[in-house]
Structures are given as structure tokens and as C-alpha cells.
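Here's coords-v1.tsv, which has TSV, C-alpha atoms:
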chain	number	residue	atom	x	y	z
W	1	MET	CA	0.00	0.00	0.00
W	2	PRO	CA	1.27	3.53	-0.77
W	3	ASP	CA	1.88	5.68	2.28
W	4	ILE	CA	2.03	9.40	2.98
W	5	ARG	CA	5.67	9.59	1.89
W	6	ASP	CA	4.78	8.17	-1.54
W	7	VAL	CA	2.07	10.81	-1.94
W	8	ALA	CA	4.50	13.58	-0.93
W	9	GLN	CA	7.10	12.37	-3.45
W	10	HIS	CA	4.52	12.06	-6.24
W	11	ALA	CA	3.14	15.55	-5.54
W	12	GLY	CA	6.58	17.08	-5.11
W	13	CYS	CA	5.97	18.41	-1.62
W	14	SER	CA	6.69	17.59	2.01
W	15	ILE	CA	4.93	15.03	4.18
W	16	ALA	CA	3.69	17.89	6.38
W	17	THR	CA	2.03	19.52	3.35
W	18	VAL	CA	0.21	16.29	2.50
W	19	SER	CA	-0.90	16.07	6.13
W	20	ARG	CA	-2.30	19.61	6.05
W	21	ALA	CA	-4.05	18.92	2.75
W	22	LEU	CA	-5.78	15.94	4.35
W	23	ASN	CA	-6.53	17.37	7.79
W	24	ALA	CA	-6.70	21.15	7.30
W	25	PRO	CA	-7.13	21.76	3.55
W	26	GLU	CA	-7.99	25.43	4.08
W	27	GLN	CA	-4.34	25.96	5.13
W	28	VAL	CA	-2.98	24.74	1.77
W	29	ARG	CA	-2.81	26.77	-1.44
W	30	PRO	CA	-5.41	25.58	-3.99
W	31	GLU	CA	-2.80	24.62	-6.61
W	32	MET	CA	-0.81	22.58	-4.07
W	33	ARG	CA	-3.99	20.98	-2.73
W	34	ALA	CA	-4.88	19.97	-6.28
W	35	ARG	CA	-1.46	18.35	-6.76
W	36	VAL	CA	-1.87	16.38	-3.53
W	37	GLU	CA	-5.36	15.26	-4.49
W	38	ALA	CA	-4.10	14.17	-7.92
W	39	ALA	CA	-1.29	12.17	-6.30
W	40	ILE	CA	-3.76	10.52	-3.91
W	41	ALA	CA	-5.99	9.53	-6.82
W	42	ALA	CA	-3.10	8.27	-8.94
W	43	LEU	CA	-1.64	6.15	-6.14
W	44	LYS	CA	-5.03	5.02	-4.78
W	45	PHE	CA	-3.84	6.18	-1.37
W	46	ARG	CA	-6.12	5.50	1.59
W	47	PRO	CA	-5.56	8.13	4.28
W	48	ASN	CA	-5.14	6.67	7.74
W	49	SER	CA	-5.90	8.17	11.10
W	50	LEU	CA	-2.49	9.71	11.77
W	51	GLY	CA	-2.80	13.21	13.11
W	52	ARG	CA	-6.59	13.38	13.10
W	53	GLN	CA	-6.75	12.32	16.73
W	54	LEU	CA	-4.79	15.44	17.65
W	55	ARG	CA	-7.64	17.77	16.69
W	56	GLY	CA	-9.90	18.87	19.50
W	57	GLU	CA	-9.58	18.27	23.22
W	58	ARG	CA	-7.61	15.46	24.78
W	59	THR	CA	-9.44	12.26	25.55
W	60	GLY	CA	-7.26	11.00	28.37
W	61	LEU	CA	-6.75	7.74	26.48
W	62	ILE	CA	-3.30	6.17	26.16
W	63	GLY	CA	-3.09	3.60	23.37
W	64	VAL	CA	-1.04	0.52	24.26
W	65	MET	CA	-0.08	-2.09	21.64
W	66	LEU	CA	1.66	-5.28	22.78
W	67	PRO	CA	2.32	-8.61	21.04
W	68	THR	CA	0.29	-10.67	23.52
W	69	LEU	CA	-0.85	-10.94	27.12
W	70	SER	CA	-0.30	-14.70	27.26
W	71	ASN	CA	3.33	-13.99	28.15
W	72	PRO	CA	3.35	-12.54	31.69
W	73	VAL	CA	6.23	-10.23	30.81
W	74	PHE	CA	3.77	-7.99	28.99
W	75	ALA	CA	1.22	-8.17	31.80
W	76	ASP	CA	3.98	-6.94	34.14
W	77	CYS	CA	4.60	-4.08	31.72
W	78	VAL	CA	0.92	-3.09	31.75
W	79	GLU	CA	1.00	-3.01	35.55
W	80	GLY	CA	3.90	-0.58	35.34
W	81	ILE	CA	1.99	1.58	32.86
W	82	GLU	CA	-1.08	1.67	35.10
W	83	ALA	CA	1.09	2.54	38.11
W	84	ALA	CA	2.40	5.58	36.21
W	85	LEU	CA	-1.11	6.62	35.21
W	86	ALA	CA	-2.52	6.27	38.73
W	87	GLY	CA	-3.64	9.65	40.02
W	88	THR	CA	-3.87	11.14	36.54
W	89	ASP	CA	-6.87	11.51	34.25
W	90	SER	CA	-5.37	9.06	31.74
W	91	ARG	CA	-6.48	5.49	31.16
W	92	VAL	CA	-5.30	2.60	28.99
W	93	LEU	CA	-6.79	1.40	25.71
W	94	LEU	CA	-5.08	-1.91	24.89
W	95	VAL	CA	-4.71	-3.94	21.68
W	96	THR	CA	-2.53	-6.97	20.85
W	97	THR	CA	-0.98	-8.16	17.59
W	98	GLN	CA	-0.16	-11.83	18.34
W	99	TYR	CA	3.37	-11.30	17.00
W	100	ASP	CA	1.95	-10.57	13.53
W	101	PRO	CA	3.73	-7.58	11.93
W	102	ASP	CA	0.93	-7.24	9.37
W	103	ARG	CA	-1.56	-6.50	12.15
W	104	GLU	CA	0.40	-3.58	13.55
W	105	ARG	CA	-0.80	-0.84	11.20
W	106	ASN	CA	-4.47	-1.81	11.62
W	107	ALA	CA	-4.04	-2.01	15.40
W	108	ILE	CA	-2.45	1.43	15.53
W	109	GLU	CA	-5.13	2.93	13.30
W	110	THR	CA	-7.76	1.41	15.61
W	111	LEU	CA	-6.16	3.23	18.53
W	112	LEU	CA	-5.84	6.52	16.63
W	113	ARG	CA	-9.49	6.39	15.58
W	114	GLN	CA	-10.30	6.42	19.29
W	115	ARG	CA	-8.38	9.73	19.47
W	116	VAL	CA	-5.77	8.52	21.94
W	117	ASP	CA	-3.47	11.22	23.29
W	118	GLY	CA	-0.36	9.11	22.71
W	119	LEU	CA	0.93	5.61	22.04
W	120	LEU	CA	2.98	3.00	23.92
W	121	LEU	CA	4.08	0.35	21.43
W	122	THR	CA	6.03	-2.87	21.09
W	123	LEU	CA	6.76	-3.35	17.40
W	124	ALA	CA	7.96	-6.43	15.56
W	125	ASP	CA	10.88	-4.51	14.03
W	126	ALA	CA	11.12	-0.90	15.07
W	127	GLY	CA	14.11	-0.26	12.83
W	128	ARG	CA	12.11	-1.01	9.68
W	129	ASN	CA	8.66	0.24	10.64
W	130	SER	CA	7.59	3.14	8.39
W	131	LEU	CA	4.94	4.28	10.86
W	132	LEU	CA	7.55	5.88	13.10
W	133	ALA	CA	8.45	8.39	10.38
W	134	ASP	CA	4.73	9.15	10.01
W	135	PHE	CA	4.46	9.75	13.77
W	136	ALA	CA	7.36	12.19	13.62
W	137	ALA	CA	5.84	14.05	10.68
W	138	GLU	CA	2.42	14.26	12.33
W	139	GLY	CA	3.63	15.03	15.84
W	140	VAL	CA	2.02	11.93	17.37
W	141	PRO	CA	3.50	11.34	20.86
W	142	TYR	CA	4.79	7.78	21.31
W	143	GLN	CA	7.23	5.64	23.25
W	144	LEU	CA	8.49	2.18	22.31
W	145	LEU	CA	8.49	-0.62	24.87
W	146	TYR	CA	11.23	-3.31	24.75
W	147	ASN	CA	12.42	-2.19	21.28
W	148	ASP	CA	15.95	-0.91	22.00
W	149	THR	CA	16.23	1.28	18.93
W	150	PRO	CA	18.86	4.06	18.76
W	151	ASN	CA	17.57	7.57	18.06
W	152	GLN	CA	13.99	6.57	18.88
W	153	PRO	CA	11.96	7.31	22.02
W	154	CYS	CA	12.12	3.90	23.68
W	155	VAL	CA	12.51	2.25	27.08
W	156	SER	CA	14.22	-1.15	27.13
W	157	VAL	CA	17.27	-3.09	28.17
W	158	ASP	CA	20.21	-3.60	25.83
W	159	ASN	CA	18.97	-6.94	24.51
W	160	ARG	CA	22.20	-7.82	22.74
W	161	ARG	CA	24.46	-7.11	25.72
W	162	ALA	CA	22.04	-8.77	28.15
W	163	ALA	CA	21.96	-11.97	26.09
W	164	ALA	CA	25.74	-11.96	25.78
W	165	ASP	CA	26.07	-11.65	29.55
W	166	GLY	CA	23.71	-14.59	30.06
W	167	VAL	CA	25.55	-16.85	27.61
W	168	ALA	CA	28.89	-15.77	29.11
W	169	MET	CA	27.58	-17.09	32.44
W	170	LEU	CA	26.91	-20.47	30.82
W	171	ILE	CA	30.43	-20.48	29.42
W	172	GLU	CA	31.83	-19.62	32.85
W	173	GLN	CA	29.96	-22.67	34.16
W	174	GLY	CA	31.97	-24.83	31.75
W	175	HIS	CA	29.48	-25.17	28.90
W	176	ARG	CA	30.94	-25.16	25.40
W	177	ASP	CA	28.13	-26.64	23.29
W	178	ILE	CA	25.39	-24.04	23.72
W	179	ALA	CA	22.42	-23.57	21.40
W	180	MET	CA	19.73	-20.89	21.32
W	181	VAL	CA	15.99	-21.54	21.06
W	182	THR	CA	13.93	-18.54	20.00
W	183	GLY	CA	10.64	-17.47	18.55
W	184	ALA	CA	10.54	-16.58	14.88
W	185	LEU	CA	13.30	-14.02	14.35
W	186	HIS	CA	11.30	-12.11	11.74
W	187	ALA	CA	8.57	-11.45	14.31
W	188	SER	CA	10.75	-9.84	16.98
W	189	ASP	CA	13.72	-7.50	16.77
W	190	ARG	CA	14.32	-8.34	20.45
W	191	ALA	CA	14.83	-12.00	19.54
W	192	LYS	CA	17.22	-10.99	16.74
W	193	ARG	CA	19.30	-8.86	19.09
W	194	ARG	CA	19.38	-11.63	21.67
W	195	TYR	CA	20.63	-14.05	19.03
W	196	GLU	CA	23.34	-11.53	18.13
W	197	GLY	CA	24.29	-11.41	21.82
W	198	TYR	CA	24.44	-15.22	21.96
W	199	ARG	CA	26.71	-15.19	18.91
W	200	ASP	CA	28.90	-12.44	20.41
W	201	ALA	CA	29.50	-14.41	23.61
W	202	MET	CA	30.24	-17.67	21.77
W	203	GLN	CA	32.69	-16.05	19.36
W	204	ALA	CA	34.40	-14.11	22.15
W	205	ALA	CA	35.10	-17.46	23.84
W	206	GLY	CA	36.34	-19.04	20.60
W	207	LEU	CA	33.26	-21.26	20.35
W	208	MET	CA	31.02	-22.02	17.37
W	209	PRO	CA	27.57	-20.43	17.53
W	210	TRP	CA	24.81	-22.56	16.07
W	211	PRO	CA	21.96	-21.26	13.90
W	212	ALA	CA	18.98	-20.34	16.06
W	213	VAL	CA	16.36	-23.03	16.65
W	214	GLU	CA	13.22	-21.08	15.73
W	215	VAL	CA	9.82	-22.10	17.07
W	216	ASP	CA	6.43	-20.42	17.16
W	217	PHE	CA	6.20	-18.08	20.13
W	218	ASN	CA	3.07	-19.86	21.29
W	219	VAL	CA	4.28	-23.44	20.76
W	220	GLY	CA	5.46	-23.83	24.35
W	221	ALA	CA	2.13	-25.35	25.36
W	222	HIS	CA	2.52	-28.16	22.81
W	223	ALA	CA	5.28	-30.51	23.92
W	224	GLU	CA	5.22	-32.64	20.75
W	225	SER	CA	5.68	-29.62	18.50
W	226	MET	CA	8.43	-28.36	20.75
W	227	ARG	CA	10.28	-31.68	20.61
W	228	GLU	CA	10.09	-31.65	16.82
W	229	ALA	CA	11.46	-28.12	16.72
W	230	LEU	CA	14.39	-29.04	18.95
W	231	THR	CA	15.49	-31.83	16.61
W	232	ARG	CA	14.59	-30.36	13.22
W	233	GLY	CA	17.45	-29.13	11.09
W	234	THR	CA	20.21	-30.43	13.36
W	235	ASP	CA	23.02	-32.83	12.53
W	236	ALA	CA	25.03	-35.50	14.32
W	237	ARG	CA	27.38	-32.89	15.80
W	238	TRP	CA	24.53	-31.06	17.53
W	239	HIS	CA	24.72	-32.18	21.16
W	240	PRO	CA	24.33	-29.07	23.31
W	241	THR	CA	24.78	-29.24	27.05
W	242	ALA	CA	22.91	-25.94	27.53
W	243	LEU	CA	20.08	-24.11	25.80
W	244	PHE	CA	19.62	-20.35	25.93
W	245	CYS	CA	15.93	-19.51	25.36
W	246	SER	CA	14.86	-16.09	24.11
W	247	ASN	CA	12.22	-15.74	26.84
W	248	ASP	CA	11.21	-17.45	30.07
W	249	LEU	CA	7.89	-18.75	28.77
W	250	LEU	CA	9.70	-20.47	25.94
W	251	ALA	CA	12.24	-21.87	28.40
W	252	LEU	CA	9.47	-23.49	30.43
W	253	GLY	CA	8.04	-25.04	27.26
W	254	VAL	CA	11.47	-26.38	26.36
W	255	MET	CA	11.87	-27.87	29.83
W	256	ARG	CA	8.52	-29.61	29.58
W	257	ALA	CA	9.33	-31.03	26.15
W	258	LEU	CA	12.72	-32.32	27.22
W	259	ARG	CA	11.34	-33.92	30.35
W	260	GLN	CA	8.79	-35.81	28.28
W	261	THR	CA	11.68	-37.34	26.35
W	262	GLY	CA	13.20	-38.56	29.61
W	263	MET	CA	15.83	-35.84	29.97
W	264	ARG	CA	16.55	-34.35	33.38
W	265	ILE	CA	16.97	-30.63	34.01
W	266	PRO	CA	19.76	-29.67	34.71
W	267	ASP	CA	21.53	-33.05	34.89
W	268	ASP	CA	21.15	-33.75	31.16
W	269	MET	CA	20.55	-30.21	29.91
W	270	SER	CA	21.01	-26.76	31.43
W	271	ILE	CA	18.41	-24.12	30.58
W	272	LEU	CA	18.72	-20.32	30.63
W	273	GLY	CA	15.75	-18.04	29.99
W	274	PHE	CA	15.32	-14.32	29.43
W	275	ASP	CA	12.83	-12.00	31.19
W	276	GLY	CA	13.06	-12.71	34.91
W	277	LEU	CA	9.42	-13.68	35.41
W	278	VAL	CA	8.49	-14.15	39.06
W	279	PHE	CA	6.98	-17.59	38.52
W	280	GLY	CA	10.36	-18.79	37.22
W	281	GLU	CA	11.46	-18.68	40.86
W	282	LEU	CA	8.56	-20.99	41.77
W	283	THR	CA	9.55	-23.83	39.45
W	284	ALA	CA	11.57	-26.84	40.56
W	285	PRO	CA	14.38	-26.31	39.85
W	286	THR	CA	14.24	-22.52	39.76
W	287	LEU	CA	14.74	-21.03	36.31
W	288	ALA	CA	18.06	-19.35	35.55
W	289	THR	CA	17.34	-16.23	33.55
W	290	VAL	CA	18.42	-12.81	32.35
W	291	ARG	CA	16.11	-10.45	34.18
W	292	GLN	CA	14.75	-7.29	32.61
W	293	PRO	CA	12.61	-4.90	34.72
W	294	SER	CA	9.33	-5.16	32.81
W	295	ALA	CA	7.16	-3.21	35.24
W	296	GLU	CA	9.79	-0.45	35.31
W	297	ILE	CA	9.90	-0.42	31.50
W	298	GLY	CA	6.15	0.21	31.43
W	299	ARG	CA	6.26	2.79	34.22
W	300	ARG	CA	9.12	4.82	32.80
W	301	ALA	CA	7.73	4.76	29.25
W	302	ALA	CA	4.32	5.95	30.46
W	303	GLN	CA	5.93	8.75	32.48
W	304	ARG	CA	7.93	9.89	29.48
W	305	LEU	CA	4.85	9.79	27.26
W	306	LEU	CA	2.78	11.86	29.71
W	307	ALA	CA	5.59	14.42	29.87
W	308	HIS	CA	5.64	14.58	26.06
W	309	ILE	CA	1.86	14.98	25.85
W	310	GLY	CA	2.03	17.73	28.45
W	311	GLY	CA	4.70	19.57	26.50
W	312	ARG	CA	7.28	19.24	29.27
W	313	ASP	CA	9.74	16.94	27.49
W	314	ALA	CA	9.80	15.40	24.02
W	315	ALA	CA	11.78	12.39	25.40
W	316	GLY	CA	12.99	11.44	21.94
W	317	ASP	CA	16.00	9.44	23.03
W	318	ALA	CA	16.49	5.82	24.10
W	319	LEU	CA	16.36	4.98	27.80
W	320	ILE	CA	18.28	1.73	28.45
W	321	LEU	CA	17.65	0.14	31.85
W	322	GLU	CA	19.88	-2.31	33.67
W	323	HIS	CA	19.53	-6.08	33.35
W	324	GLU	CA	20.61	-8.84	35.73
W	325	VAL	CA	21.78	-12.42	35.15
W	326	ARG	CA	20.06	-14.62	37.74
W	327	LEU	CA	21.66	-18.03	38.24
W	328	GLY	CA	19.03	-20.64	39.11
W	329	GLY	CA	18.72	-24.37	39.53
W	330	THR	CA	18.24	-25.07	35.82
W	331	VAL	CA	21.95	-24.46	35.18
W	332	ARG	CA	24.66	-26.70	36.56
W	333	PRO	CA	28.42	-26.67	35.93
W	334	CYS	CA	29.48	-28.73	32.94
W	335	GLU	CA	32.43	-31.06	33.43
W	336	ALA	CA	33.05	-31.57	29.71
W	337	PRO	CA	36.71	-30.99	28.79
W	338	LEU	CA	37.61	-27.68	27.16
W	339	ARG	CA	38.13	-27.78	23.40
When written as C-alpha cells, how does the structure in this file appear?
Amino acid sequence: MPDIRDVAQHAGCSIATVSRALNAPEQVRPEMRARVEAAIAALKFRPNSLGRQLRGERTGLIGVMLPTLSNPVFADCVEGIEAALAGTDSRVLLVTTQYDPDRERNAIETLLRQRVDGLLLTLADAGRNSLLADFAAEGVPYQLLYNDTPNQPCVSVDNRRAAADGVAMLIEQGHRDIAMVTGALHASDRAKRRYEGYRDAMQAAGLMPWPAVEVDFNVGAHAESMREALTRGTDARWHPTALFCSNDLLALGVMRALRQTGMRIPDDMSILGFDGLVFGELTAPTLATVRQPSAEIGRRAAQRLLAHIGGRDAAGDALILEHEVRLGGTVRPCEAPLR
């Protein structure tokens, strides 16, 4: 589909001029308005809701778009958002995308049609999402959650460095054959950065990183599908002693699948997750993980967004919070000889 930038290029004007022609045509010279209208007709452009929600009084609505609520990490984030909004006149309007990048534009337009004052978003790939340029052109206040994207208003941890620190811990425990299990890399720039961190740590130790074992983000509940994913595409050399999982929920699914094959955790396989979910401490053995402060991510992003909406601070930079590697019972030292 053509977007507002295509219309601006076809009409030979700026994105802001196209926006004014759509939302305040009386502010645009008739000849320029005619060029914009001709470009719209030629490209069969369908105007979206960007900018229109900014007309009129504020609604007090904050649009929140997350991949899912089935992963408690995002529920923790929402709690942080609501904590920041407590005592204000703002309230949350929530949509989910089920890790489907194609649903993001429709979900955002749904929020903008409700005239939200600003947006809190987790995108599949913030670095390649054209909507962010539209937001900048239209002056739509937004903050990204979990997407650690330079030069964008976001609150996150450094996913690449955090993953590298977690894998380095496995290496310090004597593991040399380490593989990574992740959701589909195309559906999450966080997963891609965590794989890069896994690769960084392996290469820094002179070890061979394996291609990521990609599974559906929601496959953790299906042990048979998980077992198939853990063996698909491997060869006779693939005998890891430890698995780094791109999130805690996935780690628990991996543990369940391995146990159903007769493997013992951590005697036969060490497992490291990523997120630091509270219920990981309630498992037996407790889940080793790289903890990110999800509630704090939501709280700080909401505070920054409210400041932007109130004209106090544009908050257009990246805020990177600290992570923590938490050693749990799912990782044991490996006595395999060094190679």
C-alpha cells in the first residue's frame, strides 16, 4: 500500500504539506492541494488516522499495543503503565498483535481512531517500521516498549548485551556446546538482538555459535511440536549441554518437552531463559534467567509519554535500563573438557 511519503514524493511536496491537505485543507494553497489530491488519486492512497486524533480536546486515552498478554512479561509491563497513570486523568486502551507484523498498522489505526493522546508500542521490528516516520511528521507522541532502537523514544534493556552476559555465564559454568531456542526471528527484533548477543559471547570465547532453533512463540504449550522443533534441522554434531531460550515462557516449554523425552533438568541439559518472570522462581528447579525490569519499563515509558503529551519533554531518546543475570537451579556446571 502507498503511504504518505509516496504521496509527498509524487506531488513534489513535504509530508507535512500532504498532512495539512488531508486534515486542514484550508491551510494549503489551492494549486498545491490539487497536486496532492491528484497524487492521492493516482496512487489510490487510503488516508489513515495519523494526526486526526490530535484535533480537539484530549481524551485521556493512552493507546497501548503489545504482542500478547499470554506472556506474563507484557502483563507486568501493563502493571507498570497503570502505576504511572494512577492519580492522573489518563487510562489505557489496549490492543494486541499476536506477534503478527501485518496486524500492527491496523491495530495502531484502531487506537488513533479512538483519538488517543499518545501511544505506547512494542513493534515487531522498530528499525524497519515506516509508521515511526509518520508519527514524527504528524507530531504523534509515542514511546516504544522493549524495542531498544537508537535515536527513537524507547525504554528497554540492551537486549544484545544482556543476552551476551547470560551466555557468558553459561560459558563460565563450563558449557561449550550451547544452542539458542527462540521465537521466529522475523517477528521480533528483540529475539534478533538476543541471538546476536548469543553469537557475540560464543565467538568471544572461541566457540562455534549454532543457527537459532526457531519455534512459534506460542508453541510452548505443545510438547510434541516443541520436541520436533528441537530436533529439526540439526546434525550428528549437535549435542548441546545448555540451551539459551529467548524468553522465560519459551524456556518453560522447552523444559517440559525435554522432560517428556526422559531428559533431566539440569543433569542432562542446562536451561537459561530471558525476562526474569516471578513464577520462574517458583519452578523446581528454579529457572536461571536474564532479568529485565518489565514493570519499570512500562512505568518509565508511560511517564515519558505523559511528559511529552504535556509539552514538558519530548523524550525522543532511548532509555536503556539495567539487566541482571540470575543463576538458578536449571543451570549446573558442565564437566566436559575444554576444546
Write out as a PDB file with C-alpha atoms, in the frame of the given file which residues come within 6 Å of stretch 292-294 of chain W when counting all atoms listed in the file, dropping same-chain ones fewer than 4 positions away.
ATOM      1  CA  ASP W  76       3.980  -6.940  34.140  1.00  0.00           C
ATOM      2  CA  CYS W  77       4.600  -4.080  31.720  1.00  0.00           C
ATOM      3  CA  ASP W 275      12.830 -12.000  31.190  1.00  0.00           C
ATOM      4  CA  HIS W 323      19.530  -6.080  33.350  1.00  0.00           C
TER       5      HIS W 323
END
Using only C-alpha atoms: which of W:Gly12, W:Gly206, W:Gly197, W:Gly280 has the shortest distance to W:Arg35: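 Of W:Gly12, W:Gly206, W:Gly197, W:Gly280, the one nearest W:Arg35, counting only C-alpha atoms, is W:Gly12.
Among the candidate residues W:Leu321, W:Ala201, W:Ala75, W:Leu252, the one lying nearest to W:Ala288 is W:Leu252, with distances computed using only C-alpha atoms.
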Under the rule of at most 12 Å, produce a per-residue listing of stretch 40-119 of chain W near stretch 188-193 of chain W: chain, number, name, the closest pair of atoms, and the distance in Å, as a tab-separated table, using all atoms listed in the file.
residue	atom	partner	partner_atom	distance
W:Leu66	CA	W:Ser188	CA	11.7
W:Pro67	CA	W:Ser188	CA	9.4
W:Thr97	CA	W:Ser188	CA	11.9
W:Gln98	CA	W:Ser188	CA	11.2
W:Tyr99	CA	W:Ser188	CA	7.5
W:Asp100	CA	W:Ser188	CA	9.5
W:Pro101	CA	W:Ser188	CA	8.9
For W:Leu61, the nearest of the candidates W:Leu250, W:Leu93, W:Leu85, W:Val78, counting all atoms listed in the file: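 Among the listed residues, W:Leu93 lies closest to W:Leu61.
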Selected residue of minimal separation from W:Asp125 among W:Asn147, W:Thr88, W:Ser70, W:Thr330, counting only C-alpha atoms: W:Asn147
